[in-house]
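Just below is one structure, and these are the notes that go with it.
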Amino acid sequence: GLIIIGVGAYQAYKAFSDDFMEELRTGQMNHTTRTWVRRAGVLGHSARAVVYGIIGLFVVIAAVQFDPQEAVGLDGALSRLAQQPFGPYLLGLTALGLFAFGLFTLVRARYVKVSE
């Protein structure tokens with residue numbers, strides 16, 4: 001559970017440090033593309049950080065309470081997120097973020113730096 005939370009923290013670091021932009025050939029992008037790729041990357045990595053954090057938290061809770069039924073995967077984490085106050089809004093923002101990460105991944109496939 002703590003490792004999963006650590007992965008979430010790393011995703012948050014990547015989002016807010018713009019570290020992911022270093023993996024791309026940004027010189028081949030125009031200014032508008034670079035701006036939108038950065039926004040999609042920040043939003044996408046942030047959403048992944050939230051999802052990993054929630055999953056890790058539930059795994060830790062399950063371990064502390066010795067209740068394996070408390071451990072959840074992606075579907076369980078999103079389901080529990082939807083049950084919270086403002087859950088549908090939070091779930092919508094998370095979905096938007098994961099969609100943005102998907103778009104970022106498509107762009108990354110086009111512009112990723114490949115060592116030769």
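Convention: chains lettered A, B, ... in structure tokens order; per-chain residue numbering from 1; ligands numbered from 1 as shown.
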All residues 10 Å or closer to A:Gly53, only C-alpha atoms, same chain fewer than 4 positions away omitted, as a PDB file with N, CA and C atoms, in the first residue's frame:
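Result file is part.pdb:
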```
ATOM      1  N   GLY A   1       0.802  -1.190   0.000  1.00  0.00           N
ATOM      2  CA  GLY A   1       0.000   0.000   0.000  1.00  0.00           C
ATOM      3  C   GLY A   1       0.851   1.263   0.000  1.00  0.00           C
ATOM      4  N   LEU A   2       1.921   1.238   0.805  1.00  0.00           N
ATOM      5  CA  LEU A   2       2.799   2.406   0.856  1.00  0.00           C
ATOM      6  C   LEU A   2       3.560   2.591  -0.451  1.00  0.00           C
ATOM      7  N   ILE A   3       3.898   1.490  -1.102  1.00  0.00           N
ATOM      8  CA  ILE A   3       4.560   1.585  -2.403  1.00  0.00           C
ATOM      9  C   ILE A   3       3.618   2.200  -3.427  1.00  0.00           C
ATOM     10  N   ILE A   4       2.353   1.808  -3.394  1.00  0.00           N
ATOM     11  CA  ILE A   4       1.368   2.372  -4.322  1.00  0.00           C
ATOM     12  C   ILE A   4       1.195   3.864  -4.052  1.00  0.00           C
ATOM     13  N   ILE A   5       1.152   4.255  -2.786  1.00  0.00           N
ATOM     14  CA  ILE A   5       1.075   5.684  -2.446  1.00  0.00           C
ATOM     15  C   ILE A   5       2.330   6.393  -2.944  1.00  0.00           C
ATOM     16  N   GLY A   6       3.472   5.739  -2.837  1.00  0.00           N
ATOM     17  CA  GLY A   6       4.720   6.303  -3.354  1.00  0.00           C
ATOM     18  C   GLY A   6       4.670   6.522  -4.858  1.00  0.00           C
ATOM     19  N   VAL A   7       4.074   5.572  -5.574  1.00  0.00           N
ATOM     20  CA  VAL A   7       3.901   5.733  -7.023  1.00  0.00           C
ATOM     21  C   VAL A   7       3.006   6.939  -7.300  1.00  0.00           C
ATOM     22  N   GLY A   8       1.966   7.102  -6.498  1.00  0.00           N
ATOM     23  CA  GLY A   8       1.096   8.267  -6.637  1.00  0.00           C
ATOM     24  C   GLY A   8       1.844   9.560  -6.370  1.00  0.00           C
ATOM     25  N   ALA A   9       2.701   9.557  -5.364  1.00  0.00           N
ATOM     26  CA  ALA A   9       3.502  10.743  -5.055  1.00  0.00           C
ATOM     27  C   ALA A   9       4.453  11.061  -6.207  1.00  0.00           C
ATOM     28  N   GLN A  11       3.893  10.369  -9.343  1.00  0.00           N
ATOM     29  CA  GLN A  11       3.059  10.936 -10.409  1.00  0.00           C
ATOM     30  C   GLN A  11       2.783  12.421 -10.133  1.00  0.00           C
ATOM     31  N   ALA A  12       2.542  12.754  -8.872  1.00  0.00           N
ATOM     32  CA  ALA A  12       2.325  14.159  -8.505  1.00  0.00           C
ATOM     33  C   ALA A  12       3.592  14.969  -8.753  1.00  0.00           C
ATOM     34  N   ALA A  47      -4.238  13.341 -12.075  1.00  0.00           N
ATOM     35  CA  ALA A  47      -5.328  12.372 -11.904  1.00  0.00           C
ATOM     36  C   ALA A  47      -4.779  11.005 -11.527  1.00  0.00           C
ATOM     37  N   ARG A  48      -3.702  10.603 -12.168  1.00  0.00           N
ATOM     38  CA  ARG A  48      -3.085   9.316 -11.818  1.00  0.00           C
ATOM     39  C   ARG A  48      -2.584   9.344 -10.375  1.00  0.00           C
ATOM     40  N   ALA A  49      -2.050  10.465  -9.923  1.00  0.00           N
ATOM     41  CA  ALA A  49      -1.588  10.583  -8.544  1.00  0.00           C
ATOM     42  C   ALA A  49      -2.742  10.384  -7.573  1.00  0.00           C
ATOM     43  N   LEU A  57      -4.146   4.018  -0.228  1.00  0.00           N
ATOM     44  CA  LEU A  57      -4.772   4.266   1.074  1.00  0.00           C
ATOM     45  C   LEU A  57      -5.669   3.102   1.478  1.00  0.00           C
ATOM     46  N   PHE A  58      -6.481   2.615   0.552  1.00  0.00           N
ATOM     47  CA  PHE A  58      -7.372   1.500   0.882  1.00  0.00           C
ATOM     48  C   PHE A  58      -6.595   0.206   1.142  1.00  0.00           C
ATOM     49  N   VAL A  59      -5.478   0.007   0.470  1.00  0.00           N
ATOM     50  CA  VAL A  59      -4.651  -1.170   0.745  1.00  0.00           C
ATOM     51  C   VAL A  59      -4.044  -1.061   2.149  1.00  0.00           C
ATOM     52  N   ALA A  77     -11.678   1.942  -6.142  1.00  0.00           N
ATOM     53  CA  ALA A  77     -11.270   3.279  -5.725  1.00  0.00           C
ATOM     54  C   ALA A  77     -12.174   4.335  -6.353  1.00  0.00           C
TER      55      ALA A  77
END
```
Neighbours of A:Gly41 within 8 Å (only C-alpha atoms; same-chain residues fewer than 6 positions away dropped), as an MDAnalysis selection string? chainID A and resid 15 20 100:101 104
Please, could you write that set of residues out with N, CA and C atoms as a PDB file, in the first residue's frame?
```
ATOM      1  N   ALA A  15       3.890  15.622 -12.383  1.00  0.00           N
ATOM      2  CA  ALA A  15       2.907  16.606 -12.830  1.00  0.00           C
ATOM      3  C   ALA A  15       3.370  18.023 -12.548  1.00  0.00           C
ATOM      4  N   PHE A  20       7.935  15.365 -17.117  1.00  0.00           N
ATOM      5  CA  PHE A  20       7.507  14.575 -18.265  1.00  0.00           C
ATOM      6  C   PHE A  20       7.833  15.259 -19.593  1.00  0.00           C
ATOM      7  N   ALA A 100      -7.284  13.098 -20.196  1.00  0.00           N
ATOM      8  CA  ALA A 100      -6.155  13.956 -20.572  1.00  0.00           C
ATOM      9  C   ALA A 100      -4.866  13.156 -20.606  1.00  0.00           C
ATOM     10  N   PHE A 101      -4.701  12.216 -19.654  1.00  0.00           N
ATOM     11  CA  PHE A 101      -3.499  11.390 -19.663  1.00  0.00           C
ATOM     12  C   PHE A 101      -3.473  10.509 -20.911  1.00  0.00           C
ATOM     13  N   PHE A 104      -2.353  12.725 -23.658  1.00  0.00           N
ATOM     14  CA  PHE A 104      -0.922  12.961 -23.490  1.00  0.00           C
ATOM     15  C   PHE A 104      -0.122  11.751 -23.966  1.00  0.00           C
TER      16      PHE A 104
END
```
Atomic distance atom CA of A:Val112 - atom CA of A:Tyr52, expressed in Å with one decimal: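 Taking atom CA of A:Val112 as the start and atom CA of A:Tyr52 as the end point, the length is 24.1 Å.
Note that the spacing between atom CA of A:Leu96 and atom CA of A:Met21 amounts to 20.1 Å.
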Residues of chain A in helix (DSSP H, G or I), written as number ranges by chain: A: 2-17, 19-23, 26-28, 31-65, 68-70, 74-82, 87-111
Atom CA of A:Leu81 to atom CA of A:Gly56, straight-line distance in Å: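 So the answer is 13.4 Å.
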Using only C-alpha atoms, can you tell me which of A:Leu78, A:Val114, A:Ala63, A:Leu24 comes closest to A:Leu93?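 Of all the options, A:Leu78 lies closest to A:Leu93.
With only C-alpha atoms as the atoms that count, the minimum distance from A:Gly27 to the choices A:Lys14, A:Arg39, A:Arg80, A:Lys113 is reached by A:Lys113.
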